[in-house]
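S.K.: File name run_10.pdb; file contents PDB, C-alpha atoms, pLDDT in the B column; full text below.
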```
ATOM      1  CA  MET I   1      28.907   4.465  35.801  1.00 46.00           C
ATOM      2  CA  ALA I   2      25.839   4.308  33.563  1.00 46.00           C
ATOM      3  CA  ARG I   3      25.146   7.385  31.482  1.00 51.00           C
ATOM      4  CA  THR I   4      21.885   9.220  32.079  1.00 55.00           C
ATOM      5  CA  LYS I   5      19.401   9.503  29.244  1.00 52.00           C
ATOM      6  CA  SER I   6      20.141  13.223  28.879  1.00 52.00           C
ATOM      7  CA  SER I   7      23.928  12.737  28.750  1.00 54.00           C
ATOM      8  CA  THR I   8      23.568   9.964  26.167  1.00 57.00           C
ATOM      9  CA  GLN I   9      21.336  12.261  24.114  1.00 53.00           C
ATOM     10  CA  TRP I  10      23.908  15.072  24.438  1.00 43.00           C
ATOM     11  CA  MET I  11      26.721  12.787  23.282  1.00 51.00           C
ATOM     12  CA  GLN I  12      24.736  11.679  20.264  1.00 55.00           C
ATOM     13  CA  GLU I  13      23.807  15.259  19.433  1.00 55.00           C
ATOM     14  CA  HIS I  14      27.422  16.351  19.874  1.00 53.00           C
ATOM     15  CA  PHE I  15      28.846  13.800  17.462  1.00 54.00           C
ATOM     16  CA  ASP I  16      26.066  14.442  14.927  1.00 70.00           C
ATOM     17  CA  ASP I  17      26.648  18.206  15.146  1.00 74.00           C
ATOM     18  CA  PRO I  18      27.843  19.603  11.775  1.00 73.00           C
ATOM     19  CA  TYR I  19      29.989  22.223  13.545  1.00 64.00           C
ATOM     20  CA  VAL I  20      31.745  19.511  15.561  1.00 73.00           C
ATOM     21  CA  LYS I  21      32.476  17.660  12.317  1.00 77.00           C
ATOM     22  CA  MET I  22      33.685  20.870  10.625  1.00 73.00           C
ATOM     23  CA  ALA I  23      35.971  21.672  13.565  1.00 68.00           C
ATOM     24  CA  GLN I  24      37.480  18.194  13.402  1.00 71.00           C
ATOM     25  CA  ALA I  25      37.896  18.349   9.629  1.00 66.00           C
ATOM     26  CA  GLN I  26      39.548  21.791   9.741  1.00 71.00           C
ATOM     27  CA  GLY I  27      41.769  21.025  12.716  1.00 59.00           C
ATOM     28  CA  TYR I  28      40.134  23.383  15.204  1.00 69.00           C
ATOM     29  CA  ARG I  29      40.042  22.613  18.896  1.00 59.00           C
ATOM     30  CA  SER I  30      36.333  23.318  19.399  1.00 76.00           C
ATOM     31  CA  ARG I  31      33.078  24.008  17.544  1.00 80.00           C
ATOM     32  CA  ALA I  32      33.024  27.406  19.305  1.00 85.00           C
ATOM     33  CA  VAL I  33      35.450  28.627  16.632  1.00 88.00           C
ATOM     34  CA  PHE I  34      32.529  29.015  14.224  1.00 90.00           C
ATOM     35  CA  LYS I  35      30.707  31.359  16.606  1.00 94.00           C
ATOM     36  CA  LEU I  36      33.689  33.699  16.646  1.00 96.00           C
ATOM     37  CA  LYS I  37      34.218  33.302  12.903  1.00 93.00           C
ATOM     38  CA  GLU I  38      30.640  34.314  12.090  1.00 95.00           C
ATOM     39  CA  ILE I  39      30.786  37.353  14.379  1.00 97.00           C
ATOM     40  CA  ASN I  40      34.177  38.342  13.000  1.00 97.00           C
ATOM     41  CA  ASP I  41      32.986  37.985   9.391  1.00 96.00           C
ATOM     42  CA  LYS I  42      30.068  40.298  10.160  1.00 96.00           C
ATOM     43  CA  ASP I  43      31.771  42.818  12.436  1.00 97.00           C
ATOM     44  CA  ASN I  44      35.450  42.714  11.386  1.00 95.00           C
ATOM     45  CA  LEU I  45      36.793  42.453  14.933  1.00 95.00           C
ATOM     46  CA  ILE I  46      40.205  40.902  14.452  1.00 96.00           C
ATOM     47  CA  LYS I  47      42.768  42.859  12.468  1.00 94.00           C
ATOM     48  CA  SER I  48      46.416  42.215  11.757  1.00 92.00           C
ATOM     49  CA  GLY I  49      48.682  43.860  14.318  1.00 92.00           C
ATOM     50  CA  MET I  50      46.175  43.866  17.186  1.00 95.00           C
ATOM     51  CA  ASN I  51      46.952  42.890  20.757  1.00 96.00           C
ATOM     52  CA  ILE I  52      44.247  40.508  22.008  1.00 97.00           C
ATOM     53  CA  VAL I  53      43.395  38.927  25.344  1.00 97.00           C
ATOM     54  CA  ASP I  54      41.292  35.738  25.329  1.00 97.00           C
ATOM     55  CA  LEU I  55      39.741  35.084  28.749  1.00 96.00           C
ATOM     56  CA  GLY I  56      38.777  31.556  29.745  1.00 93.00           C
ATOM     57  CA  ALA I  57      40.467  30.391  26.577  1.00 94.00           C
ATOM     58  CA  ALA I  58      40.692  26.602  27.114  1.00 93.00           C
ATOM     59  CA  PRO I  59      40.794  24.470  25.037  1.00 92.00           C
ATOM     60  CA  GLY I  60      42.051  27.291  22.811  1.00 92.00           C
ATOM     61  CA  GLY I  61      39.728  27.313  19.791  1.00 93.00           C
ATOM     62  CA  TRP I  62      39.118  31.055  19.792  1.00 96.00           C
ATOM     63  CA  SER I  63      42.825  31.799  20.234  1.00 95.00           C
ATOM     64  CA  GLN I  64      43.629  29.367  17.426  1.00 94.00           C
ATOM     65  CA  PHE I  65      41.261  31.174  15.051  1.00 93.00           C
ATOM     66  CA  ALA I  66      42.254  34.701  16.084  1.00 95.00           C
ATOM     67  CA  GLN I  67      45.982  34.010  15.804  1.00 94.00           C
ATOM     68  CA  GLN I  68      45.575  33.050  12.141  1.00 91.00           C
ATOM     69  CA  LEU I  69      44.233  36.546  11.424  1.00 93.00           C
ATOM     70  CA  LEU I  70      46.979  38.416  13.264  1.00 92.00           C
ATOM     71  CA  VAL I  71      49.613  37.198  10.792  1.00 77.00           C
ATOM     72  CA  LYS I  72      52.994  38.010  12.378  1.00 74.00           C
ATOM     73  CA  ASN I  73      52.158  41.357  13.903  1.00 81.00           C
ATOM     74  CA  GLY I  74      50.311  41.777  17.169  1.00 89.00           C
ATOM     75  CA  ARG I  75      50.173  39.530  20.216  1.00 94.00           C
ATOM     76  CA  LEU I  76      47.563  37.172  21.567  1.00 96.00           C
ATOM     77  CA  VAL I  77      47.487  36.147  25.205  1.00 97.00           C
ATOM     78  CA  ALA I  78      45.208  33.285  26.278  1.00 97.00           C
ATOM     79  CA  LEU I  79      44.274  33.044  29.968  1.00 96.00           C
ATOM     80  CA  ASP I  80      42.596  30.170  31.786  1.00 94.00           C
ATOM     81  CA  ILE I  81      42.784  28.320  35.072  1.00 92.00           C
ATOM     82  CA  LEU I  82      42.761  25.099  33.027  1.00 91.00           C
ATOM     83  CA  PRO I  83      45.897  23.862  31.258  1.00 91.00           C
ATOM     84  CA  MET I  84      45.980  24.137  27.470  1.00 92.00           C
ATOM     85  CA  GLU I  85      48.054  22.503  24.783  1.00 93.00           C
ATOM     86  CA  PRO I  86      50.508  25.080  23.398  1.00 94.00           C
ATOM     87  CA  LEU I  87      49.529  27.055  20.290  1.00 93.00           C
ATOM     88  CA  GLU I  88      52.134  28.543  17.984  1.00 91.00           C
ATOM     89  CA  GLY I  89      52.142  32.320  18.241  1.00 92.00           C
ATOM     90  CA  VAL I  90      49.941  32.405  21.345  1.00 95.00           C
ATOM     91  CA  ASP I  91      51.232  33.321  24.808  1.00 96.00           C
ATOM     92  CA  MET I  92      49.425  31.287  27.463  1.00 96.00           C
ATOM     93  CA  ILE I  93      48.970  32.181  31.113  1.00 96.00           C
ATOM     94  CA  ILE I  94      47.569  29.436  33.319  1.00 94.00           C
ATOM     95  CA  GLY I  95      46.032  30.989  36.413  1.00 91.00           C
ATOM     96  CA  ASP I  96      43.161  33.020  37.806  1.00 89.00           C
ATOM     97  CA  PHE I  97      42.972  36.378  36.049  1.00 83.00           C
ATOM     98  CA  ARG I  98      41.332  37.891  39.152  1.00 83.00           C
ATOM     99  CA  GLU I  99      44.752  37.754  40.793  1.00 88.00           C
ATOM    100  CA  GLU I 100      46.996  40.776  40.450  1.00 88.00           C
ATOM    101  CA  SER I 101      50.028  38.579  39.775  1.00 93.00           C
ATOM    102  CA  ILE I 102      48.311  37.116  36.686  1.00 90.00           C
ATOM    103  CA  LEU I 103      47.419  40.567  35.343  1.00 86.00           C
ATOM    104  CA  ASN I 104      51.001  41.668  35.959  1.00 90.00           C
ATOM    105  CA  GLU I 105      52.199  38.655  33.958  1.00 93.00           C
ATOM    106  CA  LEU I 106      49.899  39.760  31.134  1.00 91.00           C
ATOM    107  CA  TYR I 107      51.376  43.265  31.152  1.00 89.00           C
ATOM    108  CA  VAL I 108      54.921  41.863  31.124  1.00 92.00           C
ATOM    109  CA  ILE I 109      54.160  39.692  28.081  1.00 92.00           C
ATOM    110  CA  LEU I 110      52.636  42.606  26.201  1.00 89.00           C
ATOM    111  CA  ASP I 111      55.388  44.958  27.404  1.00 88.00           C
ATOM    112  CA  ASN I 112      52.729  47.608  28.166  1.00 84.00           C
ATOM    113  CA  ALA I 113      51.513  47.608  24.550  1.00 90.00           C
ATOM    114  CA  PRO I 114      47.858  48.671  24.155  1.00 94.00           C
ATOM    115  CA  ILE I 115      45.204  45.929  24.186  1.00 96.00           C
ATOM    116  CA  GLN I 116      42.592  46.520  21.484  1.00 97.00           C
ATOM    117  CA  LEU I 117      40.346  43.456  21.928  1.00 98.00           C
ATOM    118  CA  VAL I 118      39.182  41.346  24.872  1.00 98.00           C
ATOM    119  CA  LEU I 119      37.363  38.085  24.123  1.00 98.00           C
ATOM    120  CA  SER I 120      35.428  35.961  26.612  1.00 97.00           C
ATOM    121  CA  ASP I 121      33.643  32.718  25.806  1.00 95.00           C
ATOM    122  CA  MET I 122      33.547  31.680  29.457  1.00 92.00           C
ATOM    123  CA  ALA I 123      30.745  29.611  30.940  1.00 88.00           C
ATOM    124  CA  PRO I 124      30.435  27.866  34.314  1.00 88.00           C
ATOM    125  CA  ASN I 125      30.172  24.130  34.771  1.00 84.00           C
ATOM    126  CA  MET I 126      26.412  23.685  34.623  1.00 84.00           C
ATOM    127  CA  SER I 127      24.723  22.075  37.644  1.00 87.00           C
ATOM    128  CA  GLY I 128      21.260  21.798  36.124  1.00 85.00           C
ATOM    129  CA  ASN I 129      19.853  24.317  38.612  1.00 92.00           C
ATOM    130  CA  LYS I 130      18.843  27.215  36.368  1.00 90.00           C
ATOM    131  CA  SER I 131      19.008  29.990  38.958  1.00 92.00           C
ATOM    132  CA  THR I 132      22.380  28.821  40.306  1.00 94.00           C
ATOM    133  CA  ASP I 133      23.832  28.368  36.823  1.00 93.00           C
ATOM    134  CA  GLN I 134      22.595  31.799  35.725  1.00 95.00           C
ATOM    135  CA  ALA I 135      24.128  33.473  38.767  1.00 95.00           C
ATOM    136  CA  ARG I 136      27.473  31.756  38.115  1.00 94.00           C
ATOM    137  CA  ALA I 137      27.385  32.699  34.437  1.00 94.00           C
ATOM    138  CA  MET I 138      26.647  36.366  35.216  1.00 96.00           C
ATOM    139  CA  TYR I 139      29.472  36.389  37.747  1.00 95.00           C
ATOM    140  CA  LEU I 140      31.909  35.297  35.032  1.00 95.00           C
ATOM    141  CA  CYS I 141      30.518  37.997  32.723  1.00 97.00           C
ATOM    142  CA  GLU I 142      31.114  40.611  35.418  1.00 96.00           C
ATOM    143  CA  LEU I 143      34.686  39.387  35.838  1.00 94.00           C
ATOM    144  CA  ALA I 144      35.236  39.611  32.092  1.00 96.00           C
ATOM    145  CA  LEU I 145      33.841  43.156  31.962  1.00 97.00           C
ATOM    146  CA  ASP I 146      35.955  44.262  34.920  1.00 95.00           C
ATOM    147  CA  THR I 147      39.035  42.838  33.211  1.00 94.00           C
ATOM    148  CA  ALA I 148      38.136  44.516  29.904  1.00 96.00           C
ATOM    149  CA  LYS I 149      37.715  47.860  31.641  1.00 96.00           C
ATOM    150  CA  THR I 150      41.081  47.360  33.354  1.00 93.00           C
ATOM    151  CA  VAL I 151      43.179  46.371  30.346  1.00 94.00           C
ATOM    152  CA  LEU I 152      41.530  47.805  27.198  1.00 97.00           C
ATOM    153  CA  THR I 153      42.890  50.852  25.460  1.00 97.00           C
ATOM    154  CA  LYS I 154      40.536  53.706  24.553  1.00 97.00           C
ATOM    155  CA  ASN I 155      38.185  52.708  21.695  1.00 97.00           C
ATOM    156  CA  GLY I 156      38.935  49.037  22.365  1.00 98.00           C
ATOM    157  CA  VAL I 157      36.469  46.203  21.684  1.00 98.00           C
ATOM    158  CA  PHE I 158      34.908  43.616  24.019  1.00 98.00           C
ATOM    159  CA  LEU I 159      33.117  40.406  22.974  1.00 98.00           C
ATOM    160  CA  VAL I 160      31.521  38.338  25.732  1.00 98.00           C
ATOM    161  CA  LYS I 161      29.230  35.316  25.955  1.00 97.00           C
ATOM    162  CA  VAL I 162      26.174  35.991  28.102  1.00 97.00           C
ATOM    163  CA  PHE I 163      23.220  33.811  29.036  1.00 96.00           C
ATOM    164  CA  GLN I 164      19.861  35.541  28.822  1.00 95.00           C
ATOM    165  CA  GLY I 165      17.998  35.435  32.115  1.00 95.00           C
ATOM    166  CA  GLU I 166      18.233  37.020  35.546  1.00 96.00           C
ATOM    167  CA  GLY I 167      20.727  39.897  35.509  1.00 97.00           C
ATOM    168  CA  PHE I 168      21.090  40.051  31.712  1.00 97.00           C
ATOM    169  CA  GLU I 169      19.394  43.437  31.149  1.00 97.00           C
ATOM    170  CA  THR I 170      21.305  45.034  34.023  1.00 98.00           C
ATOM    171  CA  TYR I 171      24.572  43.709  32.638  1.00 98.00           C
ATOM    172  CA  LEU I 172      23.738  44.946  29.140  1.00 98.00           C
ATOM    173  CA  LYS I 173      23.214  48.462  30.530  1.00 98.00           C
ATOM    174  CA  GLU I 174      26.474  48.233  32.459  1.00 98.00           C
ATOM    175  CA  VAL I 175      28.353  47.347  29.273  1.00 98.00           C
ATOM    176  CA  GLY I 176      26.600  50.220  27.482  1.00 98.00           C
ATOM    177  CA  GLN I 177      27.872  52.688  30.061  1.00 98.00           C
ATOM    178  CA  ALA I 178      31.482  51.749  29.303  1.00 98.00           C
ATOM    179  CA  PHE I 179      31.301  51.524  25.486  1.00 98.00           C
ATOM    180  CA  ASN I 180      29.962  53.728  22.695  1.00 98.00           C
ATOM    181  CA  SER I 181      28.277  50.933  20.722  1.00 97.00           C
ATOM    182  CA  VAL I 182      26.674  47.697  21.963  1.00 98.00           C
ATOM    183  CA  VAL I 183      24.944  45.003  19.873  1.00 98.00           C
ATOM    184  CA  ILE I 184      23.777  41.448  20.531  1.00 97.00           C
ATOM    185  CA  ARG I 185      24.803  38.604  18.245  1.00 97.00           C
ATOM    186  CA  LYS I 186      23.409  35.043  18.091  1.00 95.00           C
ATOM    187  CA  PRO I 187      25.665  33.032  15.754  1.00 93.00           C
ATOM    188  CA  LYS I 188      24.234  30.099  13.831  1.00 90.00           C
ATOM    189  CA  ALA I 189      26.677  27.805  15.643  1.00 84.00           C
ATOM    190  CA  SER I 190      24.948  28.610  18.941  1.00 84.00           C
ATOM    191  CA  ARG I 191      22.504  25.786  19.546  1.00 77.00           C
ATOM    192  CA  PRO I 192      18.958  27.124  18.998  1.00 77.00           C
ATOM    193  CA  ARG I 193      17.667  25.940  22.374  1.00 79.00           C
ATOM    194  CA  SER I 194      20.566  27.607  24.218  1.00 85.00           C
ATOM    195  CA  ASN I 195      19.923  30.992  25.811  1.00 92.00           C
ATOM    196  CA  GLU I 196      23.492  32.082  25.081  1.00 95.00           C
ATOM    197  CA  VAL I 197      24.108  35.226  23.073  1.00 97.00           C
ATOM    198  CA  TYR I 198      27.167  37.376  22.538  1.00 98.00           C
ATOM    199  CA  ILE I 199      27.410  41.033  23.507  1.00 98.00           C
ATOM    200  CA  LEU I 200      29.710  42.951  21.200  1.00 98.00           C
ATOM    201  CA  ALA I 201      30.812  46.299  22.584  1.00 98.00           C
ATOM    202  CA  LYS I 202      32.902  48.743  20.576  1.00 98.00           C
ATOM    203  CA  GLY I 203      34.467  52.086  21.402  1.00 98.00           C
ATOM    204  CA  PHE I 204      35.649  51.661  25.006  1.00 98.00           C
ATOM    205  CA  LYS I 205      35.314  55.041  26.689  1.00 97.00           C
ATOM    206  CA  GLY I 206      38.375  54.547  28.856  1.00 89.00           C
TER     207      GLY I 206
END
```
Please express what this file holds, its structure, as structure tokens.
M.R.:
Amino acid sequence: MARTKSSTQWMQEHFDDPYVKMAQAQGYRSRAVFKLKEINDKDNLIKSGMNIVDLGAAPGGWSQFAQQLLVKNGRLVALDILPMEPLEGVDMIIGDFREESILNELYVILDNAPIQLVLSDMAPNMSGNKSTDQARAMYLCELALDTAKTVLTKNGVFLVKVFQGEGFETYLKEVGQAFNSVVIRKPKASRPRSNEVYILAKGFKG
């Protein structure tokens, strides 16, 4: 099947992308690693000994980066409905985290240890219809927030990718009601034309 002009342009842009080249050179699974790295460098999210849940983790770039900072203490559980290649030191759960059985599996792995950080870099498969895509993206954000509120320990931290548009301001307020501190981050590795930003929420009220 012939590629469309836009997909050909995307492919060219992707392979010319310096973050793609850096990810390949450094052995990371995705360019998204550098978004998390920049936020972590600025906000010191990931600390040795933490227990972390990475929602929508495939292909595993964020988990790969975070695990390096945990050293040998702490646990990292990566969840996704998509299969992932195994990562040393990372527990993977393949399934829908909306299901109680998947959350129970998470609790078993962590042996009821407190979860200090929930990460979500989830995004829907884009259809090209802006209103539909935005609604799907906000739905995933709501799922991530609900999960964070379910599993986080008091004073825990939540980092979530959000697309600015319909529902963004309401969601931002909702996050603010559950956490003591909320800021917005736009890492350099986020493509300038993208309306994605990251909401960083600290101090879960419990």
S.K.: Considering all atoms listed in the file, state which residue in the set I:Gly128, I:Leu36, I:Gly176, I:Leu79 is at the smallest distance from Lys161 of chain I.
M.R.: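 Comparing I:Gly128, I:Leu36, I:Gly176, I:Leu79 against Lys161 of chain I, the winner is I:Leu36.
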S.K.: If we count all atoms listed in the file and set the cut-off at 8 Å, which residues sit around segment 45-47 of chain I, ignoring sequence neighbours fewer than 4 positions away in its own chain? Please answer as JSON, numbers by chain.
M.R.: {"I": [39, 40, 66, 69, 70, 117, 157]}
S.K.: Let me see the file: selected residues, C-alpha atoms, as a PDB file, in the coordinates of the input.
M.R.:
```pdb
ATOM      1  CA  ILE I  39      30.786  37.353  14.379  1.00 97.00           C
ATOM      2  CA  ASN I  40      34.177  38.342  13.000  1.00 97.00           C
ATOM      3  CA  ALA I  66      42.254  34.701  16.084  1.00 95.00           C
ATOM      4  CA  LEU I  69      44.233  36.546  11.424  1.00 93.00           C
ATOM      5  CA  LEU I  70      46.979  38.416  13.264  1.00 92.00           C
ATOM      6  CA  LEU I 117      40.346  43.456  21.928  1.00 98.00           C
ATOM      7  CA  VAL I 157      36.469  46.203  21.684  1.00 98.00           C
TER       8      VAL I 157
END
```
S.K.: I'd like the neighbourhood of segment 96-101 of chain I as number ranges by chain, where a residue qualifies if any of its atoms comes within 10 Å (using only C-alpha atoms), though same-chain residues fewer than 3 positions away should be ignored.
M.R.: I: 55-56, 79-82, 93, 104-107, 143-144, 146-147
S.K.: Nearest residue to Ile109 of chain I out of I:Leu145, I:Ile52, I:Met126, I:Leu159, using all atoms listed in the file?
M.R.: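 Smallest separation from Ile109 of chain I among the options: I:Ile52.
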S.K.: Taking into account all atoms listed in the file, which residue in the set I:Gly95, I:Gly165, I:Pro192, I:Pro114 is nearest to Ala58 of chain I?
M.R.: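 So, comparing all the options, the nearest one is I:Gly95.
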S.K.: Would you translate the PyMOL selection byres ((chain I and resi 130-139) around 9) into the concrete set of residues it matches in this file, as a ChimeraX atom specification?
M.R.: /I:122-129,140-144,162-168,171
S.K.: Between atom CA of Gly74 of chain I and atom CA of Gly203 of chain I, what distance in Å does the model show, to one decimal?
M.R.: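 Value for the atom CA of Gly74 of chain I-atom CA of Gly203 of chain I distance: 19.4 Å.
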S.K.: Name all residues at most 9 Å from Leu172 of chain I (count only C-alpha atoms; drop same-chain ones fewer than 5 positions away) and give them as a list in words.
M.R.: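 Near neighbours after the sequence-gap exclusion: Gly167, Gln177, Val182 and Ile199 of chain I.
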S.K.: So which one's closest to Asp121 of chain I, I:Gly61, I:Pro83, I:Gly89, I:Gly206? Using all atoms listed in the file, please.
M.R.: I:Gly61
S.K.: One decimal, in Å: what's the spacing between atom CA of Trp62 of chain I and atom CA of Lys188 of chain I?
M.R.: 16.1 Å
S.K.: One number please: atom CA of Thr153 of chain I to atom CA of Val53 of chain I, in Å, one decimal.
M.R.: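 It comes out at 11.9 Å.
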S.K.: Between I:Asn155, I:Ser120, I:Ser194, I:Asn51, single out the one closest to Gln67 of chain I, counting all atoms listed in the file.
M.R.: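 Smallest distance to Gln67 of chain I is found for I:Asn51.
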S.K.: Identify which of the residues I:Gln68, I:Asn180, I:Thr150, I:Asn73 lies closest to Leu87 of chain I, counting all atoms listed in the file when measuring atom-to-atom distances.
M.R.: I:Gln68
S.K.: Please check which residues have atoms at most 6 Å from (48.6, 31.5, 28.6) in the file's coordinates, counting all atoms listed in the file, and write them as a PyMOL selection string.
M.R.: chain I and resi 77-79+91-94
S.K.: Put the listed atoms of segment 93-109 of chain I in a box along x, y and z with 4 Å added on every side and give me the centre and edge lengths in Å to one decimal, as AutoDock Vina command-line options.
M.R.:
```
--center_x 48.1 --center_y 36.4 --center_z 34.4 --size_x 21.6 --size_y 21.8 --size_z 20.7
```
S.K.: Once the PyMOL selection byres ((chain I and resi 59) around 8) is applied to the coordinates I shared, what remains selected? I want it as a list of chain:residue names.
M.R.: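 Matching residues under the PyMOL selection byres ((chain I and resi 59) around 8) are I:Arg29, I:Ser30, I:Ala57, I:Ala58, I:Gly60, I:Gly61, I:Met84, I:Glu85.
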